[in-house]
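> Contents of query38.tsv (TSV, C-alpha atoms and all ligand atoms):
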chain	number	residue	atom	x	y	z
P	1	MET	CA	0.00	0.00	0.00
P	2	GLY	CA	2.75	2.43	0.91
P	3	SER	CA	5.58	3.39	3.20
P	4	VAL	CA	4.66	3.81	6.86
P	5	GLY	CA	6.81	6.97	6.85
P	6	GLU	CA	4.23	8.64	4.58
P	7	ILE	CA	1.48	8.33	7.17
P	8	PRO	CA	1.21	11.36	9.46
P	9	LEU	CA	0.37	10.89	13.13
P	10	ASN	CA	-3.23	11.53	14.19
P	11	GLN	CA	-4.43	12.44	10.69
P	12	PRO	CA	-6.39	9.84	8.70
P	13	THR	CA	-4.86	9.85	5.23
P	14	LEU	CA	-6.47	8.48	2.09
P	15	PHE	CA	-4.48	5.95	0.06
P	16	ASN	CA	-5.48	4.39	-3.22
P	17	THR	CA	-4.38	0.89	-4.03
P	18	THR	CA	-5.28	-2.11	-6.16
P	19	VAL	CA	-6.12	-5.49	-4.71
P	20	ALA	CA	-6.56	-8.85	-6.40
P	21	LYS	CA	-9.87	-10.55	-5.62
P	22	GLN	CA	-10.57	-14.11	-6.51
P	23	ARG	CA	-14.12	-14.98	-7.53
P	24	GLY	CA	-14.25	-18.65	-8.35
P	25	TRP	CA	-11.63	-19.22	-11.06
P	26	VAL	CA	-11.38	-15.55	-11.97
P	27	VAL	CA	-8.95	-13.12	-10.33
P	28	GLU	CA	-10.05	-9.49	-10.68
P	29	GLN	CA	-8.12	-6.34	-9.89
P	30	GLN	CA	-10.13	-3.93	-7.75
P	31	GLU	CA	-9.39	-0.30	-6.95
P	32	LEU	CA	-9.56	0.43	-3.26
P	33	SER	CA	-9.39	3.68	-1.28
P	34	VAL	CA	-8.55	3.37	2.38
P	35	PHE	CA	-8.16	5.89	5.19
P	36	VAL	CA	-5.11	4.92	7.23
P	37	SER	CA	-4.43	6.45	10.63
P	38	THR	CA	-1.92	5.96	13.40
P	39	GLN	CA	-1.30	7.59	16.74
P	40	ASP	CA	2.22	6.28	17.26
P	41	GLY	CA	3.57	5.23	13.85
P	42	THR	CA	3.49	1.60	14.97
P	43	ASP	CA	-0.15	0.55	15.15
P	44	PHE	CA	-2.35	1.37	12.17
P	45	VAL	CA	-6.10	1.51	11.58
P	46	ALA	CA	-7.38	1.17	8.01
P	47	LEU	CA	-10.97	2.14	7.20
P	48	SER	CA	-12.86	2.00	3.92
P	49	ASP	CA	-13.81	5.33	2.38
P	50	ARG	CA	-17.16	3.82	1.36
P	51	CYS	CA	-20.20	4.66	3.45
P	52	THR	CA	-21.99	1.57	4.68
P	53	HIS	CA	-25.38	3.03	3.74
P	54	LEU	CA	-25.24	3.24	-0.08
P	55	ALA	CA	-21.48	3.26	-0.68
P	56	CYS	CA	-20.90	6.98	-1.25
P	57	ARG	CA	-17.39	8.13	-0.46
P	58	VAL	CA	-16.87	9.59	3.00
P	59	ARG	CA	-14.42	12.37	3.76
P	60	PHE	CA	-12.47	13.09	6.91
P	61	VAL	CA	-13.40	16.27	8.74
P	62	ASP	CA	-11.19	17.74	11.47
P	63	GLU	CA	-14.18	19.00	13.44
P	64	MET	CA	-17.62	17.57	12.79
P	65	GLU	CA	-20.51	19.98	13.24
P	66	GLN	CA	-22.52	17.35	15.15
P	67	THR	CA	-19.83	16.36	17.63
P	68	ALA	CA	-17.17	19.11	17.55
P	69	LYS	CA	-14.70	16.24	17.15
P	70	PRO	CA	-12.88	14.71	14.18
P	71	GLY	CA	-14.86	12.21	12.15
P	72	PHE	CA	-15.99	11.01	8.74
P	73	PHE	CA	-18.86	12.64	6.87
P	74	CYS	CA	-20.94	11.15	4.09
P	75	PRO	CA	-22.55	13.93	2.04
P	76	CYS	CA	-25.10	11.69	0.30
P	77	HIS	CA	-27.52	11.43	3.25
P	78	ASN	CA	-25.62	13.27	6.00
P	79	GLY	CA	-24.10	10.16	7.50
P	80	VAL	CA	-21.69	10.80	10.35
P	81	PHE	CA	-19.04	8.42	11.70
P	82	ASP	CA	-16.62	9.16	14.51
P	83	ALA	CA	-12.85	9.07	13.92
P	84	SER	CA	-12.75	5.34	14.60
P	85	GLY	CA	-15.50	4.68	12.04
P	86	GLU	CA	-18.34	4.09	14.51
P	87	ILE	CA	-21.85	5.36	13.78
P	88	VAL	CA	-22.78	8.81	15.09
P	89	ALA	CA	-25.78	9.90	13.00
P	90	GLY	CA	-27.70	9.28	9.79
P	91	PRO	CA	-29.16	6.23	8.06
P	92	ILE	CA	-25.96	4.22	8.44
P	93	PRO	CA	-26.48	0.49	9.09
P	94	ARG	CA	-23.00	-0.33	10.45
P	95	PRO	CA	-19.59	1.23	11.15
P	96	LEU	CA	-17.09	1.84	8.34
P	97	ASP	CA	-15.53	-1.39	7.11
P	98	ARG	CA	-12.10	-2.12	8.56
P	99	PHE	CA	-9.09	-3.78	7.01
P	100	ASP	CA	-6.43	-5.83	8.73
P	101	THR	CA	-3.02	-4.19	8.55
P	102	LYS	CA	0.54	-5.43	8.73
P	103	VAL	CA	3.94	-3.80	8.30
P	104	GLU	CA	6.79	-5.55	6.53
P	105	GLU	CA	10.11	-3.83	5.84
P	106	GLY	CA	8.58	-0.40	6.37
P	107	GLN	CA	5.67	-1.03	3.99
P	108	LEU	CA	2.05	-1.09	5.11
P	109	PHE	CA	-0.23	-3.82	3.76
P	110	VAL	CA	-4.00	-4.03	4.19
P	111	LYS	CA	-6.29	-7.01	3.83
P	112	GLU	CA	-10.06	-7.15	3.85
P	113	VAL	CA	-11.41	-8.74	7.02
Z	201	LIG	S1	-24.68	6.79	1.38
Z	201	LIG	FE1	-23.78	7.60	3.17
Z	201	LIG	S2	-25.46	8.22	4.36
Z	201	LIG	FE2	-26.35	7.39	2.59
Could you write out this file's structure as structure tokens?
Ligand code: FES


Amino acid sequence: MGSVGEIPLNQPTLFNTTVAKQRGWVVEQQELSVFVSTQDGTDFVALSDRCTHLACRVRFVDEMEQTAKPGFFCPCHNGVFDASGEIVAGPIPRPLDRFDTKVEEGQLFVKEV
């Protein structure tokens, strides 16, 4: 996905990557956008940028109007997630999807859970 040195502390950053998905005998390449955040440069959280309501793209906001805290906003139907991807408001059925992360030789990898 990218070098861990590119990820600022305490600021979810959007990365675009391509993943291979196997469906039966067919392997498809799929574009993926993931918000990656870290507080210490060691442990990473990776969240999908797709709203769990109808899959619009969410954006990170430093101070949400509803909470006065950082979070993710979905403009399609005013969906609000907190900074960890949990539901705050709107017609959202579940938190933002998370990815497993691992670091090897300074590179961050994500995998769908
Ligand atoms: S698609 Fe995000 S709130 Fe509806």

> Restricting the calculation to only C-alpha atoms and all ligand atoms, which member of P:Glu105, P:Glu112, P:Asp49, P:Asp82 is positioned closest to ligand LIG 201 (chain Z)?

P:Asp49

> 7 Å from ligand LIG 201 (chain Z) is the threshold here; counting only C-alpha atoms and all ligand atoms, which polymer residues fall inside it? Answer as a count of residues only.

15

> Between P:Met64, P:Ala20, P:Ile7, P:Met1, which one has atoms that come closest to P:Ala89, using only C-alpha atoms?

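Looking at the shortest contact to P:Ala89, the residue is P:Met64.
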
> Using atom CA of P:Thr38 and atom CA of P:Ser3 as the two end points, give the distance in Å to one decimal.

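Here the two named atoms are 12.9 Å from each other.
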
> In Å, how far is it from atom CA of P:Arg50 to atom CA of P:Glu65?

20.3 Å

> Just checking: using only C-alpha atoms, which residue out of P:Leu47, P:Leu108, P:Val58, P:Val113 ends up closest to P:Leu96?

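For P:Leu96, the nearest of the given residues is P:Leu47.
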
> Quick one: residues within 10 Å of P:Gln29, all atoms listed in the file, excluding same-chain residues fewer than 6 positions away - as a PyMOL selection string?

chain P and resi 18-22

> Can you work out which one of P:Val4, P:Val36, P:Leu14, P:Val103 has the shortest atom-to-atom distance to P:Ser84, counting only C-alpha atoms?

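Ranking P:Val4, P:Val36, P:Leu14, P:Val103 by distance to P:Ser84, first place goes to P:Val36.
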
> Can you pull out the residues contacting P:Pro12? Cut-off 9 Å, using all atoms listed in the file, and skip same-chain residues under 3 positions away; I want them as a short mmCIF file (atom, residue, chain, number, x, y, z; two decimals) with C-alpha atoms, keeping the file's coordinate frame.


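Done, and the output landed in result_27.cif:
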data_model
loop_
_atom_site.label_atom_id
_atom_site.label_comp_id
_atom_site.auth_asym_id
_atom_site.auth_seq_id
_atom_site.Cartn_x
_atom_site.Cartn_y
_atom_site.Cartn_z
CA ILE P 7 1.48 8.33 7.17
CA PRO P 8 1.21 11.36 9.46
CA LEU P 9 0.37 10.89 13.13
CA PHE P 35 -8.16 5.89 5.19
CA VAL P 36 -5.11 4.92 7.23
CA SER P 37 -4.43 6.45 10.63
CA THR P 38 -1.92 5.96 13.40
CA VAL P 45 -6.10 1.51 11.58
CA ALA P 46 -7.38 1.17 8.01
CA PHE P 60 -12.47 13.09 6.91
CA ALA P 83 -12.85 9.07 13.92
#

> Could you jot down the atom CA of P:Arg23 to atom CA of P:Phe99 separation for me, Å, one decimal place?

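Straight-line distance from atom CA of P:Arg23 to atom CA of P:Phe99 works out to 19.0 Å.
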
> Determine the nearest neighbour of P:Gly85 from the options P:Gly5, P:Phe44, P:Gly24, P:Arg98, counting all atoms listed in the file.

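Using all atoms listed in the file, P:Gly85 sits closest to P:Arg98.
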
> Counting only C-alpha atoms, select every polymer residue within 7 Å of (-8.4, 1.8, -4.7) as defined in the file's coordinates, and provide the selection as number ranges by chain.

P: 16-18, 30-33

> Out of P:Gln107, P:Gln66, P:Asn10, P:Thr101, which residue has the shortest atom-to-atom distance to P:Asp40 when counting only C-alpha atoms?

P:Asn10

> Output file request: stretch 7-87 of chain P, with C-alpha atoms, as a PDB file, in the first residue's frame.


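Done, and the output landed in out.pdb:
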ATOM      1  CA  ILE P   7       1.475   8.332   7.167  1.00  0.00           C
ATOM      2  CA  PRO P   8       1.213  11.361   9.458  1.00  0.00           C
ATOM      3  CA  LEU P   9       0.370  10.894  13.127  1.00  0.00           C
ATOM      4  CA  ASN P  10      -3.230  11.530  14.192  1.00  0.00           C
ATOM      5  CA  GLN P  11      -4.427  12.439  10.686  1.00  0.00           C
ATOM      6  CA  PRO P  12      -6.388   9.839   8.700  1.00  0.00           C
ATOM      7  CA  THR P  13      -4.855   9.847   5.234  1.00  0.00           C
ATOM      8  CA  LEU P  14      -6.468   8.483   2.092  1.00  0.00           C
ATOM      9  CA  PHE P  15      -4.481   5.951   0.064  1.00  0.00           C
ATOM     10  CA  ASN P  16      -5.480   4.391  -3.224  1.00  0.00           C
ATOM     11  CA  THR P  17      -4.382   0.887  -4.034  1.00  0.00           C
ATOM     12  CA  THR P  18      -5.275  -2.106  -6.157  1.00  0.00           C
ATOM     13  CA  VAL P  19      -6.117  -5.491  -4.714  1.00  0.00           C
ATOM     14  CA  ALA P  20      -6.560  -8.851  -6.397  1.00  0.00           C
ATOM     15  CA  LYS P  21      -9.867 -10.549  -5.617  1.00  0.00           C
ATOM     16  CA  GLN P  22     -10.571 -14.115  -6.514  1.00  0.00           C
ATOM     17  CA  ARG P  23     -14.119 -14.984  -7.529  1.00  0.00           C
ATOM     18  CA  GLY P  24     -14.254 -18.655  -8.355  1.00  0.00           C
ATOM     19  CA  TRP P  25     -11.632 -19.215 -11.063  1.00  0.00           C
ATOM     20  CA  VAL P  26     -11.381 -15.554 -11.969  1.00  0.00           C
ATOM     21  CA  VAL P  27      -8.954 -13.116 -10.333  1.00  0.00           C
ATOM     22  CA  GLU P  28     -10.052  -9.490 -10.684  1.00  0.00           C
ATOM     23  CA  GLN P  29      -8.122  -6.336  -9.894  1.00  0.00           C
ATOM     24  CA  GLN P  30     -10.134  -3.930  -7.754  1.00  0.00           C
ATOM     25  CA  GLU P  31      -9.388  -0.304  -6.952  1.00  0.00           C
ATOM     26  CA  LEU P  32      -9.562   0.429  -3.259  1.00  0.00           C
ATOM     27  CA  SER P  33      -9.385   3.677  -1.277  1.00  0.00           C
ATOM     28  CA  VAL P  34      -8.545   3.367   2.382  1.00  0.00           C
ATOM     29  CA  PHE P  35      -8.157   5.886   5.186  1.00  0.00           C
ATOM     30  CA  VAL P  36      -5.110   4.924   7.233  1.00  0.00           C
ATOM     31  CA  SER P  37      -4.430   6.449  10.630  1.00  0.00           C
ATOM     32  CA  THR P  38      -1.921   5.962  13.399  1.00  0.00           C
ATOM     33  CA  GLN P  39      -1.301   7.589  16.742  1.00  0.00           C
ATOM     34  CA  ASP P  40       2.221   6.276  17.260  1.00  0.00           C
ATOM     35  CA  GLY P  41       3.572   5.230  13.850  1.00  0.00           C
ATOM     36  CA  THR P  42       3.488   1.596  14.971  1.00  0.00           C
ATOM     37  CA  ASP P  43      -0.145   0.547  15.153  1.00  0.00           C
ATOM     38  CA  PHE P  44      -2.352   1.368  12.172  1.00  0.00           C
ATOM     39  CA  VAL P  45      -6.102   1.505  11.581  1.00  0.00           C
ATOM     40  CA  ALA P  46      -7.384   1.173   8.012  1.00  0.00           C
ATOM     41  CA  LEU P  47     -10.972   2.140   7.198  1.00  0.00           C
ATOM     42  CA  SER P  48     -12.860   1.996   3.924  1.00  0.00           C
ATOM     43  CA  ASP P  49     -13.808   5.327   2.383  1.00  0.00           C
ATOM     44  CA  ARG P  50     -17.162   3.818   1.361  1.00  0.00           C
ATOM     45  CA  CYS P  51     -20.202   4.655   3.450  1.00  0.00           C
ATOM     46  CA  THR P  52     -21.995   1.567   4.684  1.00  0.00           C
ATOM     47  CA  HIS P  53     -25.379   3.034   3.740  1.00  0.00           C
ATOM     48  CA  LEU P  54     -25.241   3.239  -0.084  1.00  0.00           C
ATOM     49  CA  ALA P  55     -21.476   3.261  -0.684  1.00  0.00           C
ATOM     50  CA  CYS P  56     -20.902   6.976  -1.253  1.00  0.00           C
ATOM     51  CA  ARG P  57     -17.386   8.135  -0.464  1.00  0.00           C
ATOM     52  CA  VAL P  58     -16.873   9.593   2.997  1.00  0.00           C
ATOM     53  CA  ARG P  59     -14.420  12.366   3.765  1.00  0.00           C
ATOM     54  CA  PHE P  60     -12.473  13.086   6.907  1.00  0.00           C
ATOM     55  CA  VAL P  61     -13.399  16.274   8.742  1.00  0.00           C
ATOM     56  CA  ASP P  62     -11.192  17.738  11.470  1.00  0.00           C
ATOM     57  CA  GLU P  63     -14.180  18.998  13.444  1.00  0.00           C
ATOM     58  CA  MET P  64     -17.621  17.572  12.788  1.00  0.00           C
ATOM     59  CA  GLU P  65     -20.509  19.984  13.240  1.00  0.00           C
ATOM     60  CA  GLN P  66     -22.519  17.349  15.149  1.00  0.00           C
ATOM     61  CA  THR P  67     -19.826  16.358  17.632  1.00  0.00           C
ATOM     62  CA  ALA P  68     -17.167  19.109  17.554  1.00  0.00           C
ATOM     63  CA  LYS P  69     -14.704  16.239  17.147  1.00  0.00           C
ATOM     64  CA  PRO P  70     -12.880  14.714  14.184  1.00  0.00           C
ATOM     65  CA  GLY P  71     -14.861  12.208  12.149  1.00  0.00           C
ATOM     66  CA  PHE P  72     -15.994  11.008   8.744  1.00  0.00           C
ATOM     67  CA  PHE P  73     -18.862  12.644   6.874  1.00  0.00           C
ATOM     68  CA  CYS P  74     -20.938  11.145   4.087  1.00  0.00           C
ATOM     69  CA  PRO P  75     -22.550  13.931   2.041  1.00  0.00           C
ATOM     70  CA  CYS P  76     -25.099  11.690   0.305  1.00  0.00           C
ATOM     71  CA  HIS P  77     -27.520  11.430   3.252  1.00  0.00           C
ATOM     72  CA  ASN P  78     -25.624  13.270   5.997  1.00  0.00           C
ATOM     73  CA  GLY P  79     -24.099  10.158   7.502  1.00  0.00           C
ATOM     74  CA  VAL P  80     -21.687  10.796  10.353  1.00  0.00           C
ATOM     75  CA  PHE P  81     -19.036   8.420  11.702  1.00  0.00           C
ATOM     76  CA  ASP P  82     -16.620   9.162  14.508  1.00  0.00           C
ATOM     77  CA  ALA P  83     -12.852   9.071  13.925  1.00  0.00           C
ATOM     78  CA  SER P  84     -12.753   5.335  14.600  1.00  0.00           C
ATOM     79  CA  GLY P  85     -15.502   4.680  12.036  1.00  0.00           C
ATOM     80  CA  GLU P  86     -18.336   4.090  14.514  1.00  0.00           C
ATOM     81  CA  ILE P  87     -21.850   5.364  13.776  1.00  0.00           C
TER      82      ILE P  87
END
